[in-house]
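Asker: One file is attached below, run22.cif, containing mmCIF, C-alpha atoms.
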```cif
data_entry
loop_
_atom_site.label_atom_id
_atom_site.label_comp_id
_atom_site.auth_asym_id
_atom_site.auth_seq_id
_atom_site.Cartn_x
_atom_site.Cartn_y
_atom_site.Cartn_z
CA MET A 45 -77.83 -52.07 -9.84
CA ARG A 46 -74.36 -53.50 -10.01
CA LYS A 47 -75.01 -54.80 -13.55
CA TRP A 48 -76.04 -51.31 -14.65
CA VAL A 49 -72.84 -49.81 -13.22
CA ILE A 50 -70.73 -52.42 -15.02
CA ALA A 51 -72.57 -51.83 -18.28
CA ILE A 52 -72.20 -48.06 -18.08
CA THR A 53 -68.49 -48.38 -17.23
CA ALA A 54 -67.90 -50.74 -20.15
CA ALA A 55 -69.73 -48.39 -22.53
CA ALA A 56 -67.60 -45.49 -21.32
CA ILE A 57 -64.41 -47.46 -21.92
CA ILE A 58 -65.52 -48.43 -25.42
CA MET A 59 -66.42 -44.84 -26.25
CA ALA A 60 -63.08 -43.57 -24.90
CA ASN A 61 -61.13 -46.13 -26.92
CA GLY A 62 -63.17 -45.33 -29.99
CA ASN A 63 -62.46 -41.63 -29.65
CA ALA A 64 -58.75 -42.34 -29.20
CA ALA A 65 -58.71 -44.49 -32.32
CA SER A 66 -60.48 -41.74 -34.26
CA ALA A 67 -57.97 -39.17 -33.04
CA GLU A 68 -55.08 -41.39 -34.15
CA SER A 69 -56.62 -41.75 -37.61
CA VAL A 70 -56.69 -37.99 -38.18
CA ILE A 71 -53.76 -37.01 -40.40
CA THR A 72 -52.31 -33.52 -40.12
CA PRO A 73 -51.84 -32.18 -43.66
CA LYS A 74 -48.17 -32.01 -44.60
CA LYS A 75 -46.38 -30.96 -47.81
CA VAL A 76 -42.76 -31.55 -48.86
CA ILE A 77 -41.23 -30.14 -52.06
CA LEU A 78 -38.01 -31.56 -53.58
CA LYS A 79 -36.02 -31.00 -56.77
CA VAL A 80 -33.89 -33.40 -58.80
CA ASN A 81 -30.15 -32.86 -58.18
CA ASN A 82 -30.88 -30.25 -55.49
CA THR A 83 -29.95 -30.59 -51.81
CA GLY A 84 -32.90 -28.52 -50.55
CA MET A 85 -36.33 -29.42 -49.19
CA PHE A 86 -39.30 -27.08 -48.65
CA VAL A 87 -41.73 -28.13 -45.90
CA ASP A 88 -45.30 -26.78 -45.82
CA GLU A 89 -45.30 -23.01 -46.43
CA ALA A 90 -41.64 -22.36 -45.55
CA THR A 91 -40.04 -19.63 -47.66
CA THR A 92 -36.53 -21.07 -47.31
CA SER A 93 -35.44 -24.65 -47.79
CA THR A 94 -33.75 -26.99 -45.36
CA LEU A 95 -31.28 -29.75 -46.23
CA LEU A 96 -32.77 -33.03 -47.42
CA ASP A 97 -29.65 -34.91 -46.30
CA PRO A 98 -27.64 -32.84 -43.78
CA GLN A 99 -24.92 -35.48 -43.43
CA LEU A 100 -23.96 -36.49 -46.98
CA TYR A 101 -25.86 -33.87 -49.04
CA ALA A 102 -27.44 -36.54 -51.25
CA THR A 103 -30.09 -35.35 -53.69
CA PRO A 104 -33.02 -36.84 -55.61
CA GLU A 105 -31.80 -38.41 -58.86
CA ILE A 106 -33.35 -39.83 -62.01
CA ARG A 107 -32.17 -43.35 -62.83
CA ASN A 108 -33.72 -45.37 -65.65
CA ASN A 109 -36.61 -42.86 -65.85
CA ARG A 110 -37.41 -43.32 -62.15
CA VAL A 111 -37.05 -40.70 -59.41
CA MET A 112 -34.84 -42.05 -56.63
CA ILE A 113 -34.44 -40.20 -53.33
CA PRO A 114 -32.79 -40.42 -49.90
CA ILE A 115 -35.99 -41.01 -47.96
CA ALA A 116 -35.20 -40.63 -44.24
CA SER A 117 -35.86 -36.88 -43.84
CA VAL A 118 -39.05 -37.05 -45.89
CA ILE A 119 -40.49 -39.88 -43.82
CA LYS A 120 -39.59 -38.03 -40.63
CA GLU A 121 -41.36 -34.86 -41.82
CA PHE A 122 -44.52 -36.88 -42.44
CA GLY A 123 -44.38 -38.31 -38.94
CA GLY A 124 -43.03 -41.74 -39.81
CA SER A 125 -39.77 -43.58 -39.16
CA SER A 126 -37.03 -45.25 -41.18
CA SER A 127 -34.18 -47.61 -40.41
CA TRP A 128 -31.25 -49.16 -42.25
CA SER A 129 -29.82 -52.62 -41.65
CA ALA A 130 -26.23 -52.74 -42.92
CA LYS A 131 -26.14 -56.51 -42.39
CA ASP A 132 -29.19 -57.23 -44.57
CA LYS A 133 -28.82 -54.10 -46.75
CA LYS A 134 -32.43 -53.40 -45.90
CA VAL A 135 -34.45 -50.18 -45.66
CA SER A 136 -37.53 -50.28 -43.41
CA LEU A 137 -40.12 -47.48 -43.63
CA THR A 138 -43.15 -47.01 -41.40
CA LEU A 139 -45.81 -44.33 -41.82
CA GLY A 140 -49.19 -44.53 -40.12
CA ASN A 141 -50.43 -48.11 -40.42
CA ASN A 142 -48.21 -48.94 -43.39
CA ASN A 143 -44.80 -50.57 -43.49
CA VAL A 144 -42.51 -50.92 -46.52
CA VAL A 145 -39.30 -52.97 -46.60
CA LEU A 146 -36.84 -52.70 -49.51
CA TYR A 147 -33.45 -54.25 -50.20
CA LEU A 148 -30.45 -52.63 -51.84
CA ASN A 149 -30.10 -53.68 -55.51
CA LYS A 150 -32.98 -56.17 -55.23
CA THR A 151 -36.38 -56.15 -56.94
CA ASN A 152 -38.26 -57.82 -54.11
CA ALA A 153 -39.94 -55.72 -51.44
CA TYR A 154 -42.58 -56.15 -48.74
CA VAL A 155 -45.63 -53.97 -48.11
CA ASN A 156 -47.33 -54.74 -44.79
CA GLY A 157 -45.77 -58.20 -44.97
CA VAL A 158 -46.95 -58.91 -48.53
CA SER A 159 -44.28 -59.57 -51.16
CA LYS A 160 -44.09 -57.06 -54.04
CA THR A 161 -41.87 -56.76 -57.14
CA LEU A 162 -40.14 -53.47 -57.95
CA ASP A 163 -39.47 -52.15 -61.46
CA SER A 164 -36.54 -50.12 -60.11
CA THR A 165 -34.30 -51.31 -57.29
CA PRO A 166 -32.88 -49.23 -54.42
CA ILE A 167 -29.37 -48.02 -55.27
CA THR A 168 -26.38 -46.32 -53.67
CA SER A 169 -25.68 -42.70 -54.65
CA SER A 170 -22.23 -41.30 -55.37
CA GLU A 171 -22.26 -39.92 -51.81
CA GLY A 172 -22.84 -43.38 -50.36
CA ARG A 173 -26.50 -42.80 -49.49
CA THR A 174 -29.21 -45.39 -50.26
CA LEU A 175 -31.79 -44.05 -52.72
CA VAL A 176 -35.23 -45.67 -53.01
CA PRO A 177 -37.79 -45.56 -55.85
CA LEU A 178 -40.08 -42.72 -54.79
CA ARG A 179 -43.21 -43.71 -56.72
CA PHE A 180 -43.32 -47.17 -55.16
CA VAL A 181 -42.73 -45.83 -51.67
CA SER A 182 -45.25 -43.00 -51.92
CA ASP A 183 -47.97 -45.21 -53.39
CA ASN A 184 -47.60 -47.76 -50.61
CA LEU A 185 -47.27 -45.33 -47.70
CA GLY A 186 -50.32 -43.22 -48.57
CA ILE A 187 -48.41 -40.19 -49.92
CA THR A 188 -49.68 -38.26 -52.95
CA LEU A 189 -46.91 -37.54 -55.47
CA ILE A 190 -47.07 -34.71 -58.04
CA TRP A 191 -44.30 -34.57 -60.67
CA ASP A 192 -43.56 -31.18 -62.28
CA SER A 193 -41.56 -32.44 -65.26
CA LYS A 194 -40.76 -28.98 -66.65
CA ASN A 195 -38.97 -27.92 -63.47
CA GLN A 196 -38.02 -31.46 -62.34
CA ILE A 197 -39.67 -30.80 -58.99
CA ILE A 198 -41.37 -33.40 -56.79
CA ALA A 199 -44.30 -32.38 -54.58
CA LEU A 200 -45.37 -34.81 -51.84
CA TYR A 201 -48.61 -34.48 -49.89
CA ARG A 202 -50.14 -36.39 -46.99
CA GLY A 203 -53.53 -35.59 -45.54
CA GLU A 204 -56.38 -33.57 -47.02
CA PHE A 205 -55.63 -30.71 -49.44
CA ASP A 206 -58.07 -28.65 -51.49
CA ALA A 207 -55.96 -28.81 -54.65
CA TYR A 208 -52.65 -29.99 -56.06
CA PRO A 209 -50.85 -27.50 -58.35
CA ASN A 210 -49.04 -28.80 -61.44
CA ASP A 211 -46.44 -26.01 -61.63
CA TYR A 212 -43.87 -25.41 -58.88
CA SER A 213 -41.56 -22.94 -60.64
CA ASN A 214 -41.73 -20.58 -57.65
CA TYR A 215 -39.56 -23.02 -55.69
CA PHE A 216 -35.76 -23.44 -55.94
CA ILE A 217 -35.09 -20.10 -57.65
CA SER A 218 -31.33 -19.63 -57.95
CA MET A 219 -29.50 -16.53 -56.74
CA SER A 220 -28.90 -15.39 -60.32
CA ASP A 221 -32.63 -15.66 -61.02
CA SER A 222 -33.64 -13.79 -57.88
CA ASN A 223 -31.15 -10.99 -58.55
CA SER A 224 -32.17 -10.59 -62.16
CA ASN A 225 -34.34 -7.76 -63.41
CA ASN A 226 -36.32 -10.15 -65.55
CA ASN A 227 -39.56 -11.01 -63.75
CA SER A 228 -40.54 -13.86 -66.06
CA THR A 229 -40.60 -17.41 -64.70
CA PRO A 230 -37.23 -19.08 -65.39
CA ASP A 231 -37.14 -22.29 -67.40
CA THR A 232 -35.17 -24.70 -65.22
CA THR A 233 -35.38 -27.65 -67.59
CA PRO A 234 -31.82 -28.97 -67.95
CA ASN A 235 -30.10 -28.30 -71.29
CA SER A 236 -28.98 -31.36 -73.27
CA LYS A 237 -25.58 -29.80 -74.07
CA PRO A 238 -22.71 -28.75 -71.75
CA ILE A 239 -23.13 -25.01 -72.41
CA ASP A 240 -22.75 -22.46 -69.62
CA GLN A 241 -25.01 -19.42 -69.15
CA ASN A 242 -22.78 -17.38 -71.50
CA GLY A 243 -22.84 -19.94 -74.30
CA VAL A 244 -19.37 -21.36 -73.56
CA GLN A 245 -18.92 -25.12 -73.85
CA ILE A 246 -17.90 -26.83 -70.59
CA SER A 247 -15.20 -29.52 -70.58
CA VAL A 248 -13.64 -31.79 -67.97
CA GLY A 249 -10.96 -29.89 -66.07
CA ASP A 250 -12.52 -26.44 -66.57
CA ARG A 251 -12.69 -24.03 -63.65
CA ILE A 252 -16.28 -22.88 -63.21
CA SER A 253 -18.35 -20.76 -60.82
CA ASN A 254 -21.89 -20.81 -59.49
CA GLY A 255 -22.74 -17.69 -57.51
CA PHE A 256 -20.03 -17.29 -54.88
CA PHE A 257 -18.67 -20.84 -55.25
CA TYR A 258 -15.89 -22.16 -57.50
CA GLY A 259 -14.90 -25.64 -58.55
CA GLU A 260 -13.40 -28.01 -61.08
CA VAL A 261 -15.38 -30.02 -63.63
CA ARG A 262 -14.93 -33.75 -63.04
CA LYS A 263 -17.49 -35.25 -65.44
CA VAL A 264 -19.78 -34.09 -68.26
CA ASP A 265 -23.03 -35.94 -69.03
CA GLY A 266 -24.95 -33.95 -71.63
CA GLY A 267 -26.22 -30.87 -69.82
CA ARG A 268 -25.34 -32.30 -66.40
CA ILE A 269 -21.96 -31.38 -64.96
CA LEU A 270 -20.24 -33.05 -61.99
CA VAL A 271 -18.23 -30.41 -60.11
CA TYR A 272 -15.95 -30.61 -57.10
CA TRP A 273 -16.56 -27.32 -55.25
CA ASP A 274 -13.22 -26.45 -53.70
CA SER A 275 -13.39 -22.71 -52.93
CA LYS A 276 -15.69 -19.77 -52.26
CA ASN A 277 -15.66 -15.98 -52.25
CA ASP A 278 -14.52 -15.26 -48.68
CA LEU A 279 -15.31 -11.58 -49.10
CA TYR A 280 -19.05 -12.26 -49.26
CA ILE A 281 -19.45 -15.60 -47.49
CA SER A 282 -18.10 -16.28 -44.00
CA ASP A 283 -17.24 -19.79 -42.86
CA GLU A 284 -20.28 -19.78 -40.56
CA ASP A 285 -22.66 -19.04 -43.45
CA THR A 286 -21.11 -21.43 -45.98
CA ASP A 287 -23.65 -24.26 -45.61
CA TYR A 288 -26.58 -21.86 -45.95
CA TRP A 289 -25.31 -20.22 -49.15
CA ALA A 290 -24.21 -23.54 -50.62
CA MET A 291 -27.72 -24.86 -50.08
CA LEU A 292 -29.23 -21.85 -51.85
CA SER A 293 -26.81 -22.28 -54.75
CA GLY A 294 -27.52 -26.01 -55.03
CA VAL A 295 -23.85 -26.99 -54.56
CA LYS A 296 -22.03 -29.19 -52.05
CA TYR A 297 -19.07 -27.26 -50.74
CA LEU A 298 -15.83 -29.28 -50.46
CA SER A 299 -17.66 -32.14 -52.16
CA SER A 300 -18.94 -33.11 -55.61
CA SER A 301 -22.42 -32.49 -56.97
CA TRP A 302 -24.24 -32.65 -60.30
CA VAL A 303 -25.54 -29.32 -61.55
CA ASN A 304 -27.14 -28.02 -64.74
CA ALA A 305 -24.64 -26.52 -67.19
CA SER A 306 -26.90 -23.50 -67.79
CA THR A 307 -26.42 -22.33 -64.17
CA LEU A 308 -22.61 -22.27 -64.42
CA THR A 309 -19.98 -19.83 -65.71
CA VAL A 310 -16.66 -20.98 -67.16
CA GLU A 311 -13.84 -18.98 -65.59
CA SER A 312 -11.38 -17.53 -68.12
#
```
Would you kindly transcribe this structure into structure tokens?

Answerer:
Amino acid sequence: MRKWVIAITAAAIIMANGNAASAESVITPKKVILKVNNTGMFVDEATTSTLLDPQLYATPEIRNNRVMIPIASVIKEFGGSSSWSAKDKKVSLTLGNNNVVLYLNKTNAYVNGVSKTLDSTPITSSEGRTLVPLRFVSDNLGITLIWDSKNQIIALYRGEFDAYPNDYSNYFISMSDSNSNNNSTPDTTPNSKPIDQNGVQISVGDRISNGFFYGEVRKVDGGRILVYWDSKNDLYISDEDTDYWAMLSGVKYLSSSWVNASTLTVES
């Protein structure tokens, strides 16, 4: 009789542990949408974006034809964790059963303890934030990556989804687009020339505006313009709402950010 009791108890324990393991393996579907050179991040079905990097306002960038991003907020949204070792200049990422370790400006990385070679090294952004190669990280952490090249938007998925769209033009619509009477989908592909939305060429030192924000042009790189945003329209934007409207406009108030020339207006 005692043997039967022991056997039944052991079976119950095994079944309980098995059910717990199965529960842990179930992944809640999660979606994160990002845009190159934009501070915002859309999570799941949210209609407004949150900040990808609330401290330094770093954005996804393209370097050497690779998308590089500040990864901490994304990993957190997916239920994982990240850490930075200043001593070793090392980024550690954990998501589910996977672990990825990368080193600043080095091509060697580790995936679950196995050495890997990167084709694009982690770098430091102009804001001082470490950016990691997104494709390598997503592939090795079990995240599906969809690249909308026309709109330069990155869609990240984890868990089961019925379908993955290829067009994400309904995200990151600027204030000028949303206030326009034209209902056609805007083409957000960056221009290759420094021309503002009125056809005026942009030069270093110009005063420009984007929505309710004003700044000075610091650098020009084709159709990409580096602007220091030093003032705003106080009549329409209170100090308390500044961060929210700056996020919608894709600028970094009282800081520098790269923006597309076609979204700007040169002030006369």

Asker: Can you tell me how far CA of Val303 in chain A sits from CA of Val271 in chain A, in Å to one decimal?

Answerer: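 Separation between CA of Val303 in chain A and CA of Val271 in chain A: 7.5 Å.
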
Asker: In Å, rounded to a single decimal, give me how far CA of Tyr154 in chain A is from CA of Asp183 in chain A.

Answerer: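 So the two atoms, CA of Asp183 in chain A and CA of Tyr154 in chain A, lie 13.1 Å apart.
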
Asker: Return the single residue from A:Pro104, A:Gln245, A:Trp289, A:Thr92 that is closest to Leu178 in chain A, with distances computed using all atoms listed in the file.

Answerer: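 With all atoms listed in the file as the atom set, the closest residue is A:Pro104.
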
Asker: Please provide as a list of chain:residue names all residues within 7 Å of Met85 in chain A, with the sequence filter that same-chain residues fewer than 5 positions apart are discarded (counting only C-alpha atoms).

Answerer: A:Val76, A:Ile77, A:Leu78, A:Ser93, A:Thr94, A:Leu95, A:Leu96

Asker: Just checking: using all atoms listed in the file, which residue out of A:Val80, A:Ile252, A:Ile106, A:Leu100 ends up closest to Ser275 in chain A?

Answerer: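 The answer is A:Ile252, which sits nearest to Ser275 in chain A.
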
Asker: Please expand the PyMOL selection byres ((chain A and resi 258) around 12) into the concrete residues it hits in this file, giving the result as a PyMOL selection string.

Answerer: chain A and resi 250-257+259-261+271-278+290+293+295-300+308-311

Asker: Restricting the calculation to all atoms listed in the file, which member of A:Phe122, A:Tyr212, A:Phe86, A:Tyr288 is positioned closest to Trp191 in chain A?

Answerer: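 Distance minimum relative to Trp191 in chain A lands on A:Tyr212.
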
Asker: Which residue out of A:Thr72, A:Asn108, A:Asn149, A:Asn195 has the minimum interatomic distance to Thr168 in chain A when only C-alpha atoms are used?

Answerer: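 The answer is A:Asn149, which sits nearest to Thr168 in chain A.
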
Asker: Extract, using only C-alpha atoms, all DNA, RNA and protein residues at most 7 Å from Asn152 in chain A, discarding same-chain residues fewer than 6 positions from it, and format them as a compact mmCIF listing (two decimals) with C-alpha atoms, in the coordinates of the input.

Answerer:
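For reference, result.txt as written:
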```
# COMPACT_ATOMS: atom_id res chain seq x y z
CA SER A 159 -44.28 -59.57 -51.16
CA LYS A 160 -44.09 -57.06 -54.04
CA THR A 161 -41.87 -56.76 -57.14
CA LEU A 162 -40.14 -53.47 -57.95
```

Asker: Out of A:Ser193, A:Ser125, A:Thr103, A:Ser306, which residue has the shortest atom-to-atom distance to Arg173 in chain A when counting all atoms listed in the file?

Answerer: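 For Arg173 in chain A, the nearest of the given residues is A:Thr103.
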
Asker: Which one is closest to Thr307 in chain A: A:Ala90, A:Leu175, A:Ile239, A:Val248? Count only C-alpha atoms.

Answerer: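 Selected residue with least distance to Thr307 in chain A: A:Ile239.
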
Asker: So what do you get for CA of Glu204 in chain A versus CA of Lys120 in chain A, distance-wise?

Answerer: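 About the pair CA of Glu204 in chain A and CA of Lys120 in chain A: they are 18.5 Å apart.
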
Asker: So that I can check the surroundings of Val144 in chain A, please list as a list of chain:residue names every protein, DNA and RNA residue that reaches within 7 Å of it, counting all atoms listed in the file and ignoring chain neighbours fewer than 2 positions away.

Answerer: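 In the requested format, the answer is A:Ser136, A:Leu137, A:Thr138, A:Asn142, A:Leu146, A:Tyr154, A:Val155, A:Asn156.
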
Asker: At a cut-off of 12 Å from (-40.6, -40.0, -63.3) in the coordinates of the file, what residues are picked up using all atoms listed in the file, written as a PyMOL selection string?

Answerer: chain A and resi 80+104-113+164+177-180+189-194+196-198

Asker: I need the chosen residues saved as a PDB file, in the frame of the given file, with C-alpha atoms.

Answerer:
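Written file, result_34.pdb:
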```pdb
ATOM      1  CA  VAL A  80     -33.890 -33.400 -58.800  1.00  0.00           C
ATOM      2  CA  PRO A 104     -33.020 -36.840 -55.610  1.00  0.00           C
ATOM      3  CA  GLU A 105     -31.800 -38.410 -58.860  1.00  0.00           C
ATOM      4  CA  ILE A 106     -33.350 -39.830 -62.010  1.00  0.00           C
ATOM      5  CA  ARG A 107     -32.170 -43.350 -62.830  1.00  0.00           C
ATOM      6  CA  ASN A 108     -33.720 -45.370 -65.650  1.00  0.00           C
ATOM      7  CA  ASN A 109     -36.610 -42.860 -65.850  1.00  0.00           C
ATOM      8  CA  ARG A 110     -37.410 -43.320 -62.150  1.00  0.00           C
ATOM      9  CA  VAL A 111     -37.050 -40.700 -59.410  1.00  0.00           C
ATOM     10  CA  MET A 112     -34.840 -42.050 -56.630  1.00  0.00           C
ATOM     11  CA  ILE A 113     -34.440 -40.200 -53.330  1.00  0.00           C
ATOM     12  CA  SER A 164     -36.540 -50.120 -60.110  1.00  0.00           C
ATOM     13  CA  PRO A 177     -37.790 -45.560 -55.850  1.00  0.00           C
ATOM     14  CA  LEU A 178     -40.080 -42.720 -54.790  1.00  0.00           C
ATOM     15  CA  ARG A 179     -43.210 -43.710 -56.720  1.00  0.00           C
ATOM     16  CA  PHE A 180     -43.320 -47.170 -55.160  1.00  0.00           C
ATOM     17  CA  LEU A 189     -46.910 -37.540 -55.470  1.00  0.00           C
ATOM     18  CA  ILE A 190     -47.070 -34.710 -58.040  1.00  0.00           C
ATOM     19  CA  TRP A 191     -44.300 -34.570 -60.670  1.00  0.00           C
ATOM     20  CA  ASP A 192     -43.560 -31.180 -62.280  1.00  0.00           C
ATOM     21  CA  SER A 193     -41.560 -32.440 -65.260  1.00  0.00           C
ATOM     22  CA  LYS A 194     -40.760 -28.980 -66.650  1.00  0.00           C
ATOM     23  CA  GLN A 196     -38.020 -31.460 -62.340  1.00  0.00           C
ATOM     24  CA  ILE A 197     -39.670 -30.800 -58.990  1.00  0.00           C
ATOM     25  CA  ILE A 198     -41.370 -33.400 -56.790  1.00  0.00           C
TER      26      ILE A 198
END
```

Asker: Some atoms are missing, so please complete range 141-150 of chain A with all heavy atoms and return it as a CSV table (one decimal), in the frame of the given file.

Answerer:
```csv
chain,number,residue,atom,x,y,z
A,141,ASN,N,-50.2,-46.7,-40.6
A,141,ASN,CA,-50.4,-48.1,-40.4
A,141,ASN,C,-49.7,-48.9,-41.5
A,141,ASN,O,-49.9,-50.1,-41.6
A,141,ASN,CB,-51.9,-48.5,-40.5
A,141,ASN,CG,-52.7,-47.8,-39.3
A,141,ASN,OD1,-52.2,-47.8,-38.2
A,141,ASN,ND2,-53.9,-47.3,-39.6
A,142,ASN,N,-48.9,-48.3,-42.3
A,142,ASN,CA,-48.2,-48.9,-43.4
A,142,ASN,C,-46.7,-49.1,-43.1
A,142,ASN,O,-46.1,-48.3,-42.5
A,142,ASN,CB,-48.4,-48.1,-44.7
A,142,ASN,CG,-49.9,-48.1,-45.1
A,142,ASN,OD1,-50.5,-49.1,-45.2
A,142,ASN,ND2,-50.4,-46.9,-45.4
A,143,ASN,N,-46.2,-50.2,-43.6
A,143,ASN,CA,-44.8,-50.6,-43.5
A,143,ASN,C,-44.3,-51.1,-44.8
A,143,ASN,O,-44.9,-51.9,-45.5
A,143,ASN,CB,-44.6,-51.6,-42.4
A,143,ASN,CG,-43.1,-52.1,-42.3
A,143,ASN,OD1,-42.8,-53.1,-42.8
A,143,ASN,ND2,-42.3,-51.3,-41.7
A,144,VAL,N,-43.1,-50.5,-45.3
A,144,VAL,CA,-42.5,-50.9,-46.5
A,144,VAL,C,-41.1,-51.3,-46.2
A,144,VAL,O,-40.3,-50.6,-45.5
A,144,VAL,CB,-42.5,-49.8,-47.6
A,144,VAL,CG1,-41.7,-50.1,-48.8
A,144,VAL,CG2,-44.0,-49.5,-48.0
A,145,VAL,N,-40.7,-52.5,-46.8
A,145,VAL,CA,-39.3,-53.0,-46.6
A,145,VAL,C,-38.7,-53.2,-48.0
A,145,VAL,O,-39.3,-53.8,-48.8
A,145,VAL,CB,-39.3,-54.3,-45.8
A,145,VAL,CG1,-37.8,-54.8,-45.7
A,145,VAL,CG2,-39.8,-54.1,-44.4
A,146,LEU,N,-37.5,-52.6,-48.2
A,146,LEU,CA,-36.8,-52.7,-49.5
A,146,LEU,C,-35.4,-53.1,-49.3
A,146,LEU,O,-34.9,-52.9,-48.2
A,146,LEU,CB,-36.8,-51.4,-50.3
A,146,LEU,CG,-38.2,-50.7,-50.4
A,146,LEU,CD1,-38.3,-49.5,-49.4
A,146,LEU,CD2,-38.3,-50.1,-51.8
A,147,TYR,N,-34.8,-53.7,-50.3
A,147,TYR,CA,-33.4,-54.2,-50.2
A,147,TYR,C,-32.6,-53.6,-51.3
A,147,TYR,O,-33.0,-53.5,-52.4
A,147,TYR,CB,-33.4,-55.8,-50.3
A,147,TYR,CG,-34.2,-56.5,-49.2
A,147,TYR,CD1,-35.6,-56.7,-49.3
A,147,TYR,CD2,-33.5,-56.9,-48.1
A,147,TYR,CE1,-36.3,-57.3,-48.3
A,147,TYR,CE2,-34.2,-57.5,-47.1
A,147,TYR,CZ,-35.6,-57.7,-47.2
A,147,TYR,OH,-36.3,-58.4,-46.2
A,148,LEU,N,-31.4,-53.3,-50.9
A,148,LEU,CA,-30.4,-52.6,-51.8
A,148,LEU,C,-30.2,-53.5,-53.0
A,148,LEU,O,-29.8,-54.7,-52.9
A,148,LEU,CB,-29.1,-52.3,-51.1
A,148,LEU,CG,-28.1,-51.5,-51.9
A,148,LEU,CD1,-28.6,-50.1,-52.2
A,148,LEU,CD2,-26.8,-51.4,-51.1
A,149,ASN,N,-30.4,-53.0,-54.2
A,149,ASN,CA,-30.1,-53.7,-55.5
A,149,ASN,C,-30.9,-54.9,-55.7
A,149,ASN,O,-30.6,-55.8,-56.5
A,149,ASN,CB,-28.6,-54.0,-55.6
A,149,ASN,CG,-27.7,-52.8,-55.6
A,149,ASN,OD1,-28.0,-51.8,-56.2
A,149,ASN,ND2,-26.6,-52.9,-54.9
A,150,LYS,N,-32.1,-55.0,-55.1
A,150,LYS,CA,-33.0,-56.2,-55.2
A,150,LYS,C,-34.4,-55.7,-55.6
A,150,LYS,O,-34.8,-54.6,-55.2
A,150,LYS,CB,-33.1,-57.0,-54.0
A,150,LYS,CG,-31.8,-57.7,-53.6
A,150,LYS,CD,-32.0,-58.6,-52.4
A,150,LYS,CE,-30.7,-59.4,-52.1
A,150,LYS,NZ,-30.8,-60.3,-50.9
```
